[in-house]
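Asker: Structure supplied as my_file-v5.csv; contents: CSV, C-alpha atoms.
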```csv
chain,number,residue,atom,x,y,z
A,1,MET,CA,-26.4,39.1,-159.2
A,2,MET,CA,-28.8,36.5,-160.6
A,3,ARG,CA,-26.0,34.7,-162.4
A,4,SER,CA,-24.0,34.5,-159.1
A,5,ALA,CA,-27.0,33.2,-157.2
A,6,VAL,CA,-27.6,30.5,-159.9
A,7,ARG,CA,-23.9,29.5,-159.8
A,8,LEU,CA,-24.0,29.4,-156.0
A,9,SER,CA,-27.1,27.2,-155.9
A,10,ALA,CA,-25.6,24.8,-158.3
A,11,LEU,CA,-22.4,24.6,-156.4
A,12,CYS,CA,-24.3,23.9,-153.1
A,13,VAL,CA,-26.3,21.1,-154.7
A,14,ALA,CA,-23.1,19.6,-156.2
A,15,LEU,CA,-21.4,19.6,-152.8
A,16,GLY,CA,-24.4,18.6,-150.9
A,17,LEU,CA,-24.4,21.8,-148.9
A,18,GLY,CA,-27.2,24.1,-147.9
A,19,LEU,CA,-27.1,27.7,-147.2
A,20,THR,CA,-29.0,29.0,-144.2
A,21,THR,CA,-28.9,32.6,-145.4
A,22,HIS,CA,-28.1,34.1,-148.8
A,23,PRO,CA,-25.0,36.4,-148.6
A,24,THR,CA,-27.0,39.5,-149.5
A,25,GLU,CA,-29.4,39.1,-146.6
A,26,GLY,CA,-31.9,41.5,-148.1
A,27,GLN,CA,-29.4,44.2,-149.1
A,28,ALA,CA,-30.0,46.1,-152.2
A,29,GLN,CA,-28.0,44.3,-154.8
A,30,GLY,CA,-27.4,47.0,-157.4
A,31,ASP,CA,-24.9,46.4,-160.3
A,32,GLU,CA,-22.9,43.2,-160.3
A,33,ILE,CA,-19.2,43.7,-159.6
A,34,LEU,CA,-17.0,41.1,-161.2
A,35,VAL,CA,-14.8,39.6,-158.5
A,36,ALA,CA,-11.8,37.4,-159.2
A,37,SER,CA,-8.5,36.2,-157.7
A,38,PRO,CA,-5.2,35.0,-159.2
A,39,VAL,CA,-5.1,32.2,-156.6
A,40,MET,CA,-8.8,31.2,-156.1
A,41,VAL,CA,-11.4,29.9,-158.6
A,42,GLU,CA,-15.2,29.9,-158.0
A,43,GLY,CA,-16.3,26.5,-156.7
A,44,GLU,CA,-12.7,25.1,-156.5
A,45,THR,CA,-10.6,24.4,-153.5
A,46,MET,CA,-8.7,27.4,-151.9
A,47,PRO,CA,-4.9,27.0,-151.8
A,48,ARG,CA,-3.7,26.0,-148.3
A,49,ASP,CA,-1.5,29.2,-148.1
A,50,TYR,CA,-4.7,31.1,-147.4
A,51,THR,CA,-5.9,28.9,-144.6
A,52,PRO,CA,-4.5,28.1,-141.1
A,53,ASP,CA,-3.3,24.8,-142.5
A,54,GLY,CA,-0.8,26.8,-144.6
A,55,ARG,CA,0.5,30.4,-144.1
A,56,ASN,CA,-2.9,31.9,-143.3
A,57,LEU,CA,-2.4,34.8,-145.7
A,58,SER,CA,-5.3,37.0,-146.8
A,59,PRO,CA,-5.8,36.1,-150.4
A,60,PRO,CA,-5.4,38.5,-153.3
A,61,LEU,CA,-8.7,39.7,-154.9
A,62,THR,CA,-9.4,41.8,-157.9
A,63,TRP,CA,-12.7,43.5,-159.0
A,64,ARG,CA,-14.0,45.4,-162.0
A,65,ASN,CA,-17.3,46.8,-163.2
A,66,LEU,CA,-17.7,49.1,-160.2
A,67,PRO,CA,-20.8,51.2,-160.7
A,68,THR,CA,-20.5,54.9,-161.6
A,69,GLY,CA,-20.7,56.8,-158.4
A,70,THR,CA,-18.7,54.4,-156.3
A,71,ARG,CA,-17.1,56.3,-153.4
A,72,GLU,CA,-15.9,53.5,-151.2
A,73,ILE,CA,-15.6,49.7,-151.2
A,74,ALA,CA,-16.0,47.0,-148.5
A,75,VAL,CA,-15.1,43.3,-148.5
A,76,VAL,CA,-16.5,40.6,-146.3
A,77,CYS,CA,-15.6,36.9,-146.2
A,78,SER,CA,-18.3,34.8,-144.6
A,79,ASP,CA,-19.0,31.1,-144.2
A,80,PHE,CA,-22.8,30.7,-144.2
A,81,GLY,CA,-22.4,27.0,-143.2
A,82,ALA,CA,-20.9,27.8,-139.8
A,83,GLY,CA,-21.5,30.1,-136.8
A,84,ASN,CA,-24.2,30.2,-134.2
A,85,PRO,CA,-26.1,31.9,-135.8
A,86,PRO,CA,-24.5,31.8,-139.3
A,87,PRO,CA,-22.4,33.2,-140.8
A,88,TRP,CA,-19.0,32.8,-139.4
A,89,VAL,CA,-16.9,35.8,-140.4
A,90,HIS,CA,-13.3,35.3,-141.6
A,91,TRP,CA,-12.5,38.8,-142.8
A,92,ILE,CA,-13.9,42.3,-143.0
A,93,ILE,CA,-12.1,45.2,-144.7
A,94,TYR,CA,-13.9,48.5,-145.3
A,95,SER,CA,-13.3,52.2,-146.2
A,96,ILE,CA,-11.3,50.9,-149.2
A,97,PRO,CA,-10.8,53.8,-151.7
A,98,ALA,CA,-12.9,53.6,-154.8
A,99,THR,CA,-9.7,53.9,-156.9
A,100,ALA,CA,-8.5,50.4,-155.6
A,101,SER,CA,-8.9,47.6,-158.1
A,102,GLY,CA,-8.3,44.8,-155.6
A,103,LEU,CA,-6.5,43.7,-152.5
A,104,PRO,CA,-3.0,42.2,-152.5
A,105,ALA,CA,-2.2,39.0,-150.7
A,106,GLY,CA,-1.0,39.0,-147.1
A,107,LEU,CA,-2.4,42.2,-145.7
A,108,PRO,CA,-1.1,43.1,-142.2
A,109,ILE,CA,-2.4,41.4,-139.1
A,110,LEU,CA,-0.7,43.7,-136.7
A,111,PRO,CA,-2.8,46.8,-135.8
A,112,ASP,CA,0.0,49.3,-136.1
A,113,THR,CA,1.1,48.1,-139.5
A,114,ALA,CA,0.2,50.5,-142.4
A,115,MET,CA,-1.8,49.4,-145.3
A,116,PRO,CA,-0.3,49.6,-148.8
A,117,PRO,CA,-0.5,53.1,-150.3
A,118,GLU,CA,-3.3,52.2,-152.7
A,119,LEU,CA,-5.4,51.1,-149.7
A,120,SER,CA,-4.7,54.2,-147.6
A,121,GLY,CA,-7.5,54.6,-145.1
A,122,ALA,CA,-8.8,51.0,-145.4
A,123,ILE,CA,-9.8,49.4,-142.0
A,124,GLN,CA,-10.0,45.8,-141.1
A,125,GLY,CA,-13.0,45.0,-139.0
A,126,LEU,CA,-13.6,42.3,-136.5
A,127,ASN,CA,-13.7,38.7,-137.7
A,128,GLY,CA,-15.6,35.9,-135.8
A,129,TRP,CA,-12.7,35.6,-133.4
A,130,ARG,CA,-13.2,39.3,-132.6
A,131,ARG,CA,-9.8,40.1,-134.2
A,132,PRO,CA,-9.1,42.9,-136.8
A,133,TYR,CA,-7.5,40.8,-139.5
A,134,TYR,CA,-8.0,37.9,-141.9
A,135,ARG,CA,-8.2,34.4,-140.6
A,136,GLY,CA,-8.7,31.7,-143.1
A,137,PRO,CA,-10.9,28.7,-143.4
A,138,ALA,CA,-10.6,25.8,-140.9
A,139,PRO,CA,-13.8,23.7,-141.2
A,140,PRO,CA,-14.2,20.4,-139.5
A,141,THR,CA,-12.3,17.6,-141.1
A,142,GLY,CA,-14.1,16.0,-144.1
A,143,THR,CA,-16.7,18.8,-144.3
A,144,PRO,CA,-16.4,21.2,-147.4
A,145,HIS,CA,-17.4,24.7,-146.7
A,146,LEU,CA,-18.1,27.6,-149.1
A,147,TYR,CA,-16.3,30.9,-148.4
A,148,HIS,CA,-18.1,34.0,-149.8
A,149,PHE,CA,-15.7,36.9,-150.6
A,150,THR,CA,-18.2,39.6,-151.2
A,151,VAL,CA,-17.3,43.0,-152.5
A,152,TYR,CA,-19.6,46.0,-152.0
A,153,ALA,CA,-19.6,49.3,-153.9
A,154,LEU,CA,-20.9,52.2,-151.8
A,155,ASP,CA,-22.2,55.5,-153.0
A,156,ALA,CA,-20.7,57.4,-150.1
A,157,ALA,CA,-17.5,57.6,-148.0
A,158,LEU,CA,-19.1,56.5,-144.7
A,159,GLY,CA,-16.4,57.6,-142.3
A,160,LEU,CA,-16.7,54.4,-140.3
A,161,GLU,CA,-14.8,53.8,-137.1
A,162,PRO,CA,-12.4,50.9,-136.6
A,163,GLY,CA,-13.5,47.6,-135.0
A,164,LEU,CA,-16.9,47.1,-136.7
A,165,THR,CA,-18.4,43.6,-136.8
A,166,ARG,CA,-20.1,42.3,-139.9
A,167,ARG,CA,-23.6,43.2,-138.5
A,168,GLN,CA,-22.5,46.7,-137.7
A,169,LEU,CA,-20.9,47.2,-141.1
A,170,LEU,CA,-24.0,45.9,-143.0
A,171,ARG,CA,-26.2,48.2,-140.9
A,172,ALA,CA,-23.9,51.2,-141.7
A,173,MET,CA,-24.0,50.3,-145.4
A,174,GLU,CA,-27.8,50.1,-145.6
A,175,GLY,CA,-29.1,52.4,-148.4
A,176,HIS,CA,-25.6,52.9,-149.8
A,177,ILE,CA,-24.9,49.7,-151.6
A,178,ILE,CA,-24.9,50.4,-155.4
A,179,GLY,CA,-23.2,47.2,-156.5
A,180,GLN,CA,-21.8,43.9,-155.2
A,181,GLY,CA,-20.3,40.7,-156.4
A,182,ASP,CA,-18.5,37.7,-155.0
A,183,ILE,CA,-16.2,34.8,-155.5
A,184,VAL,CA,-17.0,31.6,-153.6
A,185,PRO,CA,-14.2,29.1,-153.3
A,186,VAL,CA,-14.4,25.9,-151.2
A,187,TYR,CA,-12.2,24.5,-148.5
A,188,GLU,CA,-12.1,21.1,-147.0
A,189,ARG,CA,-9.7,19.6,-144.5
A,190,PHE,CA,-8.8,15.9,-144.8
```
Let me see whether you can do it: turn the structure in this file into structure tokens.
Answerer:
Amino acid sequence: MMRSAVRLSALCVALGLGLTTHPTEGQAQGDEILVASPVMVEGETMPRDYTPDGRNLSPPLTWRNLPTGTREIAVVCSDFGAGNPPPWVHWIIYSIPATASGLPAGLPILPDTAMPPELSGAIQGLNGWRRPYYRGPAPPTGTPHLYHFTVYALDAALGLEPGLTRRQLLRAMEGHIIGQGDIVPVYERF
């Protein structure tokens, strides 16, 4: 996690951005999960297809280096430069099976649409618009924002109900996070 924090700090300085809160917010960090995407690169601009300026698809993510004992995975996408108070939440997905090695692009936005078989049981929580699906970055014109796609490894299957907010999910995960990692792309509208 130290390596991610150093990269993030350098990126914020380079972009002239400040973070009001670190993404871990006092959570136990555990082992570092290596998070990647075939379409996003740390510190580089997200493709428009994954924003409302394009197709607004949820982006594909991959992860590796899950700690031994991982029973469940959660993913949260937050913008720590927006919200009142920050962060603004773009996506929450939890109860992901520990056997999953990532998320495909374009997960369903309709509540009655089934998840792909490898994500059986996964639940999308409420974003900042209080909707249970991904909604991509749409910062004010000319203002670059950082988007933290954070992956959490949990030591238990928590049996969580649908419709959790970020705050509720973090509270439920307290004491169960055994690893985490993130990828932090940038998006700016011109």
Asker: Let me make sure I understand: among A:Pro47, A:Gly54, A:Gly125, A:Pro87, which one has the smallest atom-to-atom distance to Gln168 in chain A if we use all atoms listed in the file?
Answerer: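 Distance minimum relative to Gln168 in chain A lands on A:Gly125.
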Asker: What gap, in Å, lies between CA of Trp129 in chain A and CA of Leu57 in chain A?
Answerer: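 Interatomic distance here is 16.1 Å.
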Asker: Step by step: start from the point (-22.4, 47.0, -156.3) in the file's coordinates, keep every protein, DNA or RNA residue that has an atom no farther than 9 Å from it, count all atoms listed in the file, and write the set as a list in words.
Answerer: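 Residues found, by chain and rising number: Ala28, Gln29, Gly30, Asp31, Glu32, Ile33, Asn65, Leu66, Pro67, Thr70, Ile73, Val151, Tyr152, Ala153, Leu154, Ile177, Ile178, Gly179, Gln180 and Gly181 of chain A.
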Asker: Please, what distance in Å, to one decimal, runs between CA of Leu160 in chain A and CA of Glu174 in chain A?
Answerer: 13.0 Å
Asker: If we count only C-alpha atoms and set the cut-off at 7 Å, which residues sit around range 106-122 of chain A, ignoring sequence neighbours fewer than 3 positions away in its own chain? Please answer as a PyMOL selection string.
Answerer: chain A and resi 57-59+93-97+100+133
Asker: Provide the CA of Pro162 in chain A to CA of Arg135 in chain A distance in Å, to one decimal place.
Answerer: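 Taking CA of Pro162 in chain A as the start and CA of Arg135 in chain A as the end point, the length is 17.5 Å.
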Asker: Which one of A:Leu146, A:Ala138, A:Met40, A:Ile123 sits closest to Val75 in chain A if you count only C-alpha atoms?
Answerer: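 Of A:Leu146, A:Ala138, A:Met40, A:Ile123, the one nearest Val75 in chain A is A:Ile123, counting only C-alpha atoms.
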Asker: Considering all atoms listed in the file, return as a VMD selection string whatever protein or nucleic-acid residues lie within 10 Å of Leu169 in chain A, sequence-local ones (same chain, fewer than 2 positions apart) excluded.
Answerer: chain A and resid 74 76 92 to 94 125 to 126 160 to 161 163 to 167 171 to 174
Asker: Of the residues A:Ala82, A:Leu103, A:Val89, A:Leu158, which is the one nearest to Val35 in chain A, using only C-alpha atoms?
Answerer: A:Leu103
Asker: Could you tell me which of A:Gln124, A:Thr150, A:Asn84, A:Thr141 comes closest to Ala36 in chain A if we count all atoms listed in the file?
Answerer: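 Nearest candidate to Ala36 in chain A out of A:Gln124, A:Thr150, A:Asn84, A:Thr141: A:Thr150.
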Asker: For each of A:Thr99, A:Arg131, A:His148, A:Gly142, take the minimum atom-to-atom distance to Glu72 in chain A, counting only C-alpha atoms, then give the residue where this is smallest.
Answerer: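 Once distances to Glu72 in chain A are computed over only C-alpha atoms, the minimum belongs to A:Thr99.
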Asker: Can you work out which one of A:Pro52, A:Pro132, A:Gly175, A:Pro137 has the shortest atom-to-atom distance to Ala156 in chain A, counting only C-alpha atoms?
Answerer: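 Among A:Pro52, A:Pro132, A:Gly175, A:Pro137, it is A:Gly175 that comes nearest to Ala156 in chain A.
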Asker: Which residues are close to Gly43 in chain A, i.e. within 8 Å by all atoms listed in the file, leaving aside same-chain residues fewer than 4 positions away? Reply as a PyMOL selection string.
Answerer: chain A and resi 11+146+184-186
Asker: Do you know which residues are at most 12 Å from Pro38 in chain A counting all atoms listed in the file, after dropping those on the same chain fewer than 4 positions away, and could you put them as a list of chain:residue names?
Answerer: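 These residues fall inside the cut-off: A:Glu42, A:Met46, A:Pro47, A:Pro59, A:Pro60, A:Leu61, A:Thr62, A:Trp63, A:Gly102, A:Leu103, A:Pro104, A:Ala105, A:Ile183.
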Asker: Write out as a ChimeraX atom specification which residues come within 6 Å of Asn56 in chain A when counting only C-alpha atoms, dropping same-chain ones fewer than 6 positions away.
Answerer: /A:49-50,136
